[in-house]
$ cat model15.tsv   # TSV, C-alpha atoms
chain	number	residue	atom	x	y	z
K	50	ARG	CA	18.31	-7.63	10.78
K	51	GLN	CA	16.86	-4.26	11.73
K	52	ILE	CA	16.19	-5.46	15.27
K	53	ALA	CA	19.89	-6.40	15.61
K	54	LEU	CA	20.88	-2.96	14.30
K	55	HIS	CA	18.48	-1.27	16.73
K	56	ALA	CA	19.90	-3.30	19.62
K	57	PHE	CA	23.42	-2.16	18.75
K	58	LEU	CA	22.37	1.48	18.37
K	59	GLY	CA	20.44	1.42	21.65
K	60	SER	CA	23.36	-0.02	23.59
K	61	ALA	CA	25.92	2.31	22.02
K	62	LEU	CA	23.78	5.41	22.56
K	63	GLY	CA	22.95	4.38	26.13
K	64	ASN	CA	26.63	4.11	27.04
K	65	ALA	CA	27.36	7.39	25.23
K	66	PHE	CA	24.66	9.26	27.13
K	67	ALA	CA	25.85	7.70	30.40
K	68	ILE	CA	29.33	9.14	29.80
K	69	ILE	CA	27.81	12.53	28.89
K	70	PHE	CA	25.73	12.50	32.09
K	71	GLY	CA	28.88	11.87	34.14
K	72	ILE	CA	28.12	8.30	35.24
K	73	LYS	CA	31.04	6.49	36.87
K	74	SER	CA	33.17	4.79	34.24
K	75	GLU	CA	33.17	1.44	36.08
K	76	ASP	CA	29.35	1.34	35.90
K	77	VAL	CA	29.41	2.13	32.21
K	78	LEU	CA	32.07	-0.53	31.52
K	79	ALA	CA	30.03	-3.05	33.52
K	80	GLY	CA	27.22	-2.60	31.00
K	81	TYR	CA	24.66	-1.24	33.43
K	82	TYR	CA	23.64	1.46	30.96
K	83	GLY	CA	23.33	-0.69	27.86
K	84	TYR	CA	20.43	-2.96	28.78
K	85	CYS	CA	17.46	-0.59	29.20
K	86	PRO	CA	18.50	1.70	26.29
K	87	THR	CA	18.75	-1.38	24.05
K	88	LEU	CA	15.20	-2.40	24.97
K	89	ILE	CA	13.84	1.12	24.47
K	90	PHE	CA	15.36	1.47	21.00
K	91	ILE	CA	14.08	-1.94	19.85
K	92	ALA	CA	10.61	-1.40	21.31
K	93	THR	CA	10.25	2.10	19.86
K	94	MET	CA	11.02	0.83	16.37
K	95	MET	CA	8.46	-1.94	16.89
K	96	PHE	CA	5.64	0.41	17.92
K	97	PHE	CA	6.36	2.90	15.13
K	98	VAL	CA	7.07	2.37	11.45
K	99	PRO	CA	10.81	2.98	10.80
K	100	SER	CA	11.32	6.58	9.69
K	101	ILE	CA	13.46	9.60	10.54
K	102	GLY	CA	10.86	10.70	13.06
K	103	ALA	CA	10.76	7.26	14.70
K	104	TYR	CA	14.55	7.21	15.02
K	105	ILE	CA	14.47	10.64	16.66
K	106	VAL	CA	11.90	9.37	19.17
K	107	ALA	CA	14.09	6.31	19.85
K	108	VAL	CA	17.17	8.48	20.50
K	109	VAL	CA	15.20	10.76	22.83
K	110	GLY	CA	13.83	7.64	24.55
K	111	VAL	CA	17.35	6.29	25.07
K	112	ALA	CA	18.50	9.63	26.56
K	113	GLY	CA	15.47	9.73	28.87
K	114	THR	CA	15.91	6.11	29.91
K	115	THR	CA	19.60	6.60	30.70
K	116	PHE	CA	18.92	9.74	32.74
K	117	LEU	CA	16.04	8.08	34.61
K	118	GLN	CA	18.16	5.01	35.36
K	119	ALA	CA	20.98	7.19	36.73
K	120	ALA	CA	18.58	9.11	38.97
K	121	LEU	CA	16.76	6.02	40.23
K	122	SER	CA	19.99	4.12	40.88
K	123	VAL	CA	20.92	6.66	43.52
K	124	GLN	CA	17.55	6.42	45.24
K	125	PHE	CA	17.21	2.63	44.97
K	126	SER	CA	20.72	2.07	46.29
K	127	ILE	CA	19.59	3.46	49.66
K	128	TYR	CA	17.35	0.43	50.06
K	129	ASP	CA	19.76	-1.89	48.27
K	130	VAL	CA	17.17	-2.52	45.53
K	131	PRO	CA	18.23	-2.94	41.86
K	132	VAL	CA	16.66	-0.73	39.20
K	133	ASN	CA	16.21	-3.65	36.78
K	134	SER	CA	14.10	-2.69	33.73
K	135	PHE	CA	11.92	-0.08	35.49
K	136	PRO	CA	13.43	2.87	33.49
K	137	PHE	CA	12.65	1.06	30.24
K	138	SER	CA	9.08	0.24	31.28
K	139	PHE	CA	8.31	3.77	32.45
K	140	MET	CA	9.79	5.44	29.38
K	141	MET	CA	8.22	2.96	26.93
K	142	ILE	CA	4.75	3.48	28.39
K	143	SER	CA	5.24	7.23	27.97
K	144	ILE	CA	6.25	6.78	24.32
K	145	VAL	CA	3.37	4.41	23.52
K	146	LEU	CA	0.89	6.92	24.95
K	147	THR	CA	1.99	9.38	22.26
K	148	GLN	CA	0.70	7.06	19.50
K	149	GLY	CA	-1.94	8.85	17.48
K	150	GLY	CA	-0.87	12.24	18.78
K	151	SER	CA	2.25	12.62	16.64
K	152	PRO	CA	2.93	12.70	12.87
K	153	ILE	CA	4.93	9.46	13.15
K	154	THR	CA	3.10	6.43	11.78
K	155	ALA	CA	2.21	4.10	14.64
K	156	VAL	CA	1.75	0.33	14.33
K	157	PRO	CA	-1.52	-1.04	15.78
K	158	LEU	CA	-0.85	-3.38	18.70
K	159	GLU	CA	-2.59	-6.30	16.99
K	160	SER	CA	-0.47	-5.85	13.84
K	161	ILE	CA	3.04	-5.76	15.36
K	162	THR	CA	5.47	-8.12	13.61
K	163	THR	CA	8.93	-6.86	12.54
K	164	PRO	CA	10.21	-3.42	11.47
K	165	GLU	CA	10.83	-4.68	7.92
K	166	ASP	CA	7.27	-5.96	7.63
K	167	HIS	CA	5.82	-2.77	9.11
K	168	LYS	CA	7.59	-0.65	6.49
K	169	ARG	CA	6.53	-2.93	3.64
K	170	ARG	CA	2.90	-2.92	4.77
K	171	VAL	CA	2.80	0.87	5.04
K	172	GLN	CA	4.22	1.21	1.52
K	173	VAL	CA	1.55	-1.17	0.17
K	174	LEU	CA	-1.19	0.65	2.10
K	175	ARG	CA	-0.10	4.03	0.75
K	176	LYS	CA	0.05	2.83	-2.85
K	177	GLY	CA	-3.19	0.87	-2.53
K	178	PHE	CA	-5.12	3.72	-0.97
K	179	GLY	CA	-3.63	6.12	-3.50
K	180	LEU	CA	-5.05	4.07	-6.39
K	181	PHE	CA	-8.32	3.24	-4.63
K	182	LEU	CA	-9.18	6.80	-3.58
K	183	ASP	CA	-7.99	8.23	-6.88
K	184	SER	CA	-10.47	5.97	-8.67
K	185	ILE	CA	-13.21	7.08	-6.28
K	186	HIS	CA	-12.43	10.77	-6.79
K	187	ALA	CA	-12.72	10.26	-10.55
K	188	GLN	CA	-16.46	9.73	-9.93
K	189	THR	CA	-17.01	13.00	-8.09
K	190	GLU	CA	-16.08	16.66	-7.95
K	191	GLU	CA	-14.79	16.17	-4.42
K	192	ASN	CA	-11.02	16.00	-3.95
K	193	ALA	CA	-10.01	15.12	-0.40
K	194	GLU	CA	-6.77	16.55	0.88
K	195	ARG	CA	-4.54	13.48	0.74
K	196	PRO	CA	-1.39	14.75	-1.07
K	197	THR	CA	0.83	11.86	0.08
K	198	LEU	CA	-1.56	9.24	-1.26
K	199	ARG	CA	-2.09	11.16	-4.50
K	200	ARG	CA	1.67	11.17	-5.13
K	201	GLU	CA	1.76	7.38	-4.65
K	202	ALA	CA	-1.06	6.98	-7.19
K	203	SER	CA	0.39	9.35	-9.79
K	204	SER	CA	3.65	7.41	-10.10
K	205	ILE	CA	1.78	4.17	-10.80
K	206	HIS	CA	-0.68	5.86	-13.18
K	207	GLN	CA	2.23	7.26	-15.18
K	208	LYS	CA	3.51	3.76	-15.84
K	209	ILE	CA	0.09	2.71	-17.15
K	210	TYR	CA	-0.21	5.86	-19.27
K	211	SER	CA	3.17	5.21	-20.91
K	212	THR	CA	1.80	2.01	-22.45
K	213	PHE	CA	-0.76	4.06	-24.37
K	214	GLU	CA	1.82	6.62	-25.46
K	215	GLY	CA	3.93	3.95	-27.13
K	216	ASP	CA	6.86	4.33	-24.76
K	217	ASP	CA	8.55	0.95	-25.30
K	218	SER	CA	11.41	1.82	-22.94
K	219	SER	CA	9.07	1.66	-19.92
K	220	ILE	CA	7.58	-1.71	-20.86
K	221	GLU	CA	9.47	-4.88	-20.06
K	222	ASN	CA	9.41	-7.46	-22.90
K	223	SER	CA	7.35	-5.14	-25.13
K	224	ASP	CA	8.33	-7.11	-28.28
K	225	ILE	CA	7.05	-10.36	-26.77
K	226	ILE	CA	3.81	-8.70	-25.67
K	227	ASP	CA	3.27	-7.23	-29.16
K	228	GLN	CA	3.88	-10.61	-30.80
K	229	CYS	CA	1.40	-12.32	-28.47
K	230	ALA	CA	-1.09	-9.53	-29.17
K	231	LEU	CA	-0.64	-10.06	-32.92
K	232	ASP	CA	-1.19	-13.82	-32.63
K	233	MET	CA	-4.37	-13.31	-30.60
K	234	PHE	CA	-5.66	-10.63	-32.97
K	235	ASN	CA	-5.17	-12.88	-35.99
K	236	ALA	CA	-6.97	-15.70	-34.18
K	237	MET	CA	-9.97	-13.45	-33.48
K	238	ASP	CA	-10.05	-11.66	-36.84
K	239	GLU	CA	-11.72	-14.51	-38.72
K	240	SER	CA	-12.88	-12.23	-41.55
K	241	ASN	CA	-9.34	-10.81	-42.03
K	242	ASP	CA	-10.64	-7.25	-42.30
K	243	GLY	CA	-8.25	-5.85	-39.69
K	244	TYR	CA	-10.89	-5.33	-36.98
K	245	ILE	CA	-12.36	-7.31	-34.11
K	246	ASN	CA	-15.57	-6.72	-32.17
K	247	ARG	CA	-16.87	-7.65	-28.74
K	248	LYS	CA	-18.55	-10.83	-29.99
K	249	GLN	CA	-15.32	-12.10	-31.57
K	250	PHE	CA	-13.48	-11.26	-28.36
K	251	GLU	CA	-16.04	-13.17	-26.29
K	252	ASN	CA	-15.82	-16.18	-28.62
K	253	TYR	CA	-12.04	-16.13	-28.23
K	254	LEU	CA	-12.40	-16.19	-24.43
K	255	ASP	CA	-14.60	-19.28	-24.82
K	256	LYS	CA	-12.06	-20.87	-27.12
K	257	VAL	CA	-9.15	-20.41	-24.68
K	258	GLY	CA	-11.30	-21.53	-21.74
K	259	LEU	CA	-11.57	-18.32	-19.73
K	260	PHE	CA	-14.74	-19.04	-17.76
K	261	ASP	CA	-13.63	-17.52	-14.45
K	262	ASP	CA	-16.44	-15.13	-13.47
K	263	ILE	CA	-14.23	-12.35	-12.16
K	264	GLY	CA	-11.61	-12.44	-14.92
K	265	ARG	CA	-14.17	-12.83	-17.71
K	266	THR	CA	-16.40	-10.05	-16.39
K	267	PHE	CA	-13.48	-7.64	-16.15
K	268	ALA	CA	-12.16	-8.56	-19.61
K	269	LEU	CA	-15.57	-7.96	-21.24
K	270	ALA	CA	-16.05	-4.72	-19.33
K	271	ALA	CA	-12.56	-3.48	-20.23
K	272	PHE	CA	-12.81	-4.34	-23.95
K	273	PRO	CA	-15.05	-1.37	-24.90
K	274	LEU	CA	-12.70	0.98	-23.05
K	275	SER	CA	-9.99	0.29	-25.62
K	276	LEU	CA	-12.08	1.88	-28.39
K	277	PHE	CA	-9.80	4.88	-28.96
K	278	ASP	CA	-11.89	5.82	-32.00
K	279	GLU	CA	-15.50	6.00	-30.79
K	280	VAL	CA	-16.82	6.26	-34.36
K	281	HIS	CA	-15.91	2.64	-35.17
K	282	LEU	CA	-17.19	0.16	-32.60
K	283	GLU	CA	-14.46	-2.30	-33.52
K	284	ILE	CA	-10.81	-2.49	-32.50
K	285	ASP	CA	-7.93	-2.48	-34.94
K	286	LEU	CA	-4.50	-4.04	-34.39
K	287	TYR	CA	-2.95	-0.83	-33.06
K	288	GLU	CA	-5.68	-0.43	-30.43
K	289	TRP	CA	-5.48	-4.11	-29.51
K	290	LYS	CA	-1.72	-3.93	-28.90
K	291	LYS	CA	-2.21	-0.96	-26.59
K	292	PHE	CA	-5.00	-2.81	-24.83
K	293	CYS	CA	-2.73	-5.85	-24.28
K	294	ARG	CA	0.15	-3.70	-23.04
K	295	GLY	CA	-2.13	-1.95	-20.59
K	296	SER	CA	-3.53	-5.28	-19.42
K	297	VAL	CA	-0.03	-6.58	-18.62
K	298	GLU	CA	0.74	-3.51	-16.52
K	299	LEU	CA	-2.68	-3.77	-14.86
K	300	GLY	CA	-1.86	-7.34	-13.86
K	301	GLU	CA	0.97	-6.03	-11.66
K	302	VAL	CA	-1.31	-3.34	-10.27
K	303	GLN	CA	-3.95	-5.94	-9.43
K	304	LYS	CA	-1.36	-7.90	-7.44
K	305	LEU	CA	-0.61	-4.73	-5.49
K	306	LEU	CA	-4.33	-4.12	-4.91
K	307	SER	CA	-4.79	-7.72	-3.79
K	308	ASN	CA	-2.02	-7.32	-1.18
K	309	PHE	CA	-3.45	-3.95	-0.16
K	310	PHE	CA	-6.95	-5.29	0.46
K	311	SER	CA	-5.57	-8.36	2.25
K	312	PHE	CA	-4.07	-5.96	4.83
K	313	VAL	CA	-7.35	-4.05	5.12
K	314	ASP	CA	-9.41	-7.26	5.35
K	315	VAL	CA	-8.62	-8.08	8.98
K	316	SER	CA	-11.26	-10.82	9.08
K	317	GLU	CA	-9.71	-12.48	5.98
K	318	ASP	CA	-13.13	-13.40	4.55
K	319	GLY	CA	-12.82	-11.52	1.25
K	320	TYR	CA	-15.05	-8.66	2.40
K	321	ILE	CA	-14.29	-5.27	3.96
K	322	ASP	CA	-16.43	-2.49	5.40
K	323	PHE	CA	-16.07	1.19	6.20
K	324	GLU	CA	-14.63	0.44	9.62
K	325	ASP	CA	-11.83	-1.63	8.07
K	326	LEU	CA	-11.00	1.16	5.63
K	327	ASP	CA	-11.05	3.87	8.31
K	328	LYS	CA	-8.76	1.82	10.57
K	329	ALA	CA	-6.29	1.33	7.71
K	330	LEU	CA	-6.39	5.07	6.94
K	331	ALA	CA	-5.73	5.81	10.61
K	332	CYS	CA	-2.56	3.69	10.40
K	333	LEU	CA	-1.35	6.17	7.77
K	334	ASP	CA	-2.46	9.16	9.86
K	335	GLN	CA	-5.06	9.96	7.20
K	336	PRO	CA	-8.59	11.29	7.84
K	337	CYS	CA	-11.52	8.89	7.68
K	338	LEU	CA	-13.56	8.45	4.52
K	339	THR	CA	-15.82	11.35	3.66
K	340	ASP	CA	-19.57	10.91	3.10
K	341	GLU	CA	-19.13	11.30	-0.65
K	342	GLU	CA	-16.40	8.65	-0.75
K	343	ARG	CA	-18.63	6.27	1.21
K	344	LYS	CA	-21.51	6.77	-1.25
K	345	ILE	CA	-19.31	5.90	-4.24
K	346	ILE	CA	-17.84	2.82	-2.55
K	347	SER	CA	-21.36	1.63	-1.68
K	348	ARG	CA	-22.35	1.81	-5.36
K	349	VAL	CA	-19.41	-0.36	-6.43
K	350	SER	CA	-20.51	-3.44	-4.49
K	351	ALA	CA	-23.89	-5.16	-4.37
K	352	ASP	CA	-23.97	-4.74	-0.58
K	353	PRO	CA	-23.85	-1.04	0.45
K	354	TYR	CA	-22.22	-1.84	3.79
K	355	GLU	CA	-19.93	-4.81	3.11
K	356	PHE	CA	-17.79	-4.85	-0.01
K	357	ASN	CA	-16.42	-7.76	-2.00
K	358	VAL	CA	-12.67	-7.29	-2.44
K	359	ASP	CA	-12.75	-8.68	-5.99
K	360	ASP	CA	-15.41	-6.10	-6.97
K	361	LEU	CA	-13.23	-3.29	-5.64
K	362	ILE	CA	-10.15	-4.56	-7.49
K	363	MET	CA	-12.15	-4.71	-10.74
K	364	PHE	CA	-13.47	-1.19	-10.14
K	365	VAL	CA	-10.01	0.31	-9.61
K	366	SER	CA	-8.54	-1.62	-12.57
K	367	ALA	CA	-11.29	-0.42	-14.92
K	368	GLU	CA	-10.85	3.19	-13.78
K	369	MET	CA	-7.09	3.00	-14.35
K	370	LEU	CA	-7.58	1.54	-17.82
K	371	LYS	CA	-10.14	4.24	-18.62
K	372	LYS	CA	-7.78	6.98	-17.42
K	373	GLY	CA	-4.94	5.52	-19.43
K	374	ILE	CA	-7.01	5.69	-22.60
K	375	THR	CA	-9.04	8.90	-22.19
K	376	GLY	CA	-6.32	10.77	-20.30
K	377	LYS	CA	-3.53	10.26	-22.81
K	378	ILE	CA	-5.07	8.96	-26.04
K	379	GLY	CA	-8.54	10.39	-26.21
$ encode --input "model15.tsv" --output "structure tokens"
Amino acid sequence: RQIALHAFLGSALGNAFAIIFGIKSEDVLAGYYGYCPTLIFIATMMFFVPSIGAYIVAVVGVAGTTFLQAALSVQFSIYDVPVNSFPFSFMMISIVLTQGGSPITAVPLESITTPEDHKRRVQVLRKGFGLFLDSIHAQTEENAERPTLRREASSIHQKIYSTFEGDDSSIENSDIIDQCALDMFNAMDESNDGYINRKQFENYLDKVGLFDDIGRTFALAAFPLSLFDEVHLEIDLYEWKKFCRGSVELGEVQKLLSNFFSFVDVSEDGYIDFEDLDKALACLDQPCLTDEERKIISRVSADPYEFNVDDLIMFVSAEMLKKGITGKIG
């Protein structure tokens, strides 16, 4: 749909600029000045992620293409040679050469699909990197200057935090979640003393058949984080409900992280490296990973140079859960 819109805008603007430049009306009506501008507008919005800046570049490209076509038509007519799409080709090459040298987010050549997909992928990359780097910075004093990514992370963190503040209005189906939490708590609390411990939680996972390595490992690692009261090493019903609410919200975050890492994982083998991360950051016009960030990422995975995507998702999820508890409850 956006390509159709861009085609219309390119053609309309091309004809408008032709009239402004004083081109003969019969040439404008014949459509000579709609073809190349249409191509330039479509191509520009394919090579750059749709934004105000990209639209400005497209409009400037249309003006330049129209002017170049008008000038070349006079020269080419001497030899009775048509201009064809030469103005488009020349102007588009000039625009593509600006990739990386402007604040407008460029689309890597190997990743070009549609404008809608480009915009969606950039949004996922920004949110994913915001959460990923925020979790990394929680491990160090260093705070890289990435304000755009930090804003993306803060909005998602706030939704997680609200579950620990008891804000039911921000939680969809909170009553259903609380009822399910109550049923699970009663099933685990075999002694009926109002508390459950890690062993009871692990036995419950066995009972319901959760033997998936990744899911089980994360659940057992996350369980101690829900101990709001560090004096008692058991969880009461109130703490368990908050833990369940946070887990539901984290499920949505993990889907986002999965999509994020699937974009970063160009080889699609479930592993990424520093080069993959730096290339993805470059797509957002962000600086490469710092040495400190690389050290922390290397500690997360068993391999210091190639990182399992599932390990990274678990790391970010645990950090978000920890922040939700210690940042707002503790």
$ atom_distance --input "model15.tsv" --atom1 "CA of Tyr244 in chain K" --atom2 "CA of Gly300 in chain K"
24.9 Å
$ atom_distance --input "model15.tsv" --atom1 "CA of Asn246 in chain K" --atom2 "CA of Ile284 in chain K"
6.4 Å
$ atom_distance --input "model15.tsv" --atom1 "CA of Arg170 in chain K" --atom2 "CA of Val98 in chain K"
9.5 Å
$ closest_residue --input "model15.tsv" --among "K:Ala236, K:Ile144, K:Val77, K:Ile245" --to "Tyr287 in chain K" --atoms "only C-alpha atoms"
K:Ile245
$ closest_residue --input "model15.tsv" --among "K:Gln249, K:Ile153, K:Asp322, K:Asp285" --to "Leu269 in chain K" --atoms "only C-alpha atoms"
K:Gln249
$ residues_near_point --input "model15.tsv" --point "(-17.7, 0.5, 6.4)" --cutoff "9 Å" --atoms "all atoms listed in the file" --output "ChimeraX atom specification"
/K:321-327,343,347,353-356
$ closest_residue --input "model15.tsv" --among "K:Lys328, K:Lys371, K:Lys256, K:Asp314" --to "Val358 in chain K" --atoms "all atoms listed in the file"
K:Asp314
$ closest_residue --input "model15.tsv" --among "K:Tyr104, K:Gly63, K:Glu159, K:Leu286" --to "Gly80 in chain K" --atoms "all atoms listed in the file"
K:Gly63
$ axis_aligned_box --input "model15.tsv" --around "range 113-130 of chain K" --padding-each-side "3 Å" --output "AutoDock Vina command-line options"
--center_x 18.2 --center_y 3.6 --center_z 39.5 --size_x 11.5 --size_y 18.3 --size_z 27.2
$ closest_residue --input "model15.tsv" --among "K:Gln124, K:Ser311, K:Thr93, K:Gln51" --to "Glu165 in chain K" --atoms "all atoms listed in the file"
K:Gln51
$ residues_around --input "model15.tsv" --residues "Leu330 in chain K" --least-positions-apart "2" --cutoff "12 Å" --atoms "only C-alpha atoms" --output "PyMOL selection string"
chain K and resi 154-157+171+174-179+181-182+195+198+309+312-313+323-328+332-339
$ closest_residue --input "model15.tsv" --among "K:Gln303, K:Ser60, K:Thr266, K:Phe250" --to "Ser366 in chain K" --atoms "only C-alpha atoms"
K:Gln303
$ residues_near_point --input "model15.tsv" --point "(6.5, 2.4, 30.3)" --cutoff "12 Å" --atoms "all atoms listed in the file" --output "PyMOL selection string"
chain K and resi 85+88-89+92-93+110+113-114+117+134-147
$ write_last_selection --input "model15.tsv" --atoms "C-alpha atoms" --output "compact mmCIF listing (two decimals), in the coordinates of the input"
# COMPACT_ATOMS: atom_id res chain seq x y z
CA CYS K 85 17.46 -0.59 29.20
CA LEU K 88 15.20 -2.40 24.97
CA ILE K 89 13.84 1.12 24.47
CA ALA K 92 10.61 -1.40 21.31
CA THR K 93 10.25 2.10 19.86
CA GLY K 110 13.83 7.64 24.55
CA GLY K 113 15.47 9.73 28.87
CA THR K 114 15.91 6.11 29.91
CA LEU K 117 16.04 8.08 34.61
CA SER K 134 14.10 -2.69 33.73
CA PHE K 135 11.92 -0.08 35.49
CA PRO K 136 13.43 2.87 33.49
CA PHE K 137 12.65 1.06 30.24
CA SER K 138 9.08 0.24 31.28
CA PHE K 139 8.31 3.77 32.45
CA MET K 140 9.79 5.44 29.38
CA MET K 141 8.22 2.96 26.93
CA ILE K 142 4.75 3.48 28.39
CA SER K 143 5.24 7.23 27.97
CA ILE K 144 6.25 6.78 24.32
CA VAL K 145 3.37 4.41 23.52
CA LEU K 146 0.89 6.92 24.95
CA THR K 147 1.99 9.38 22.26
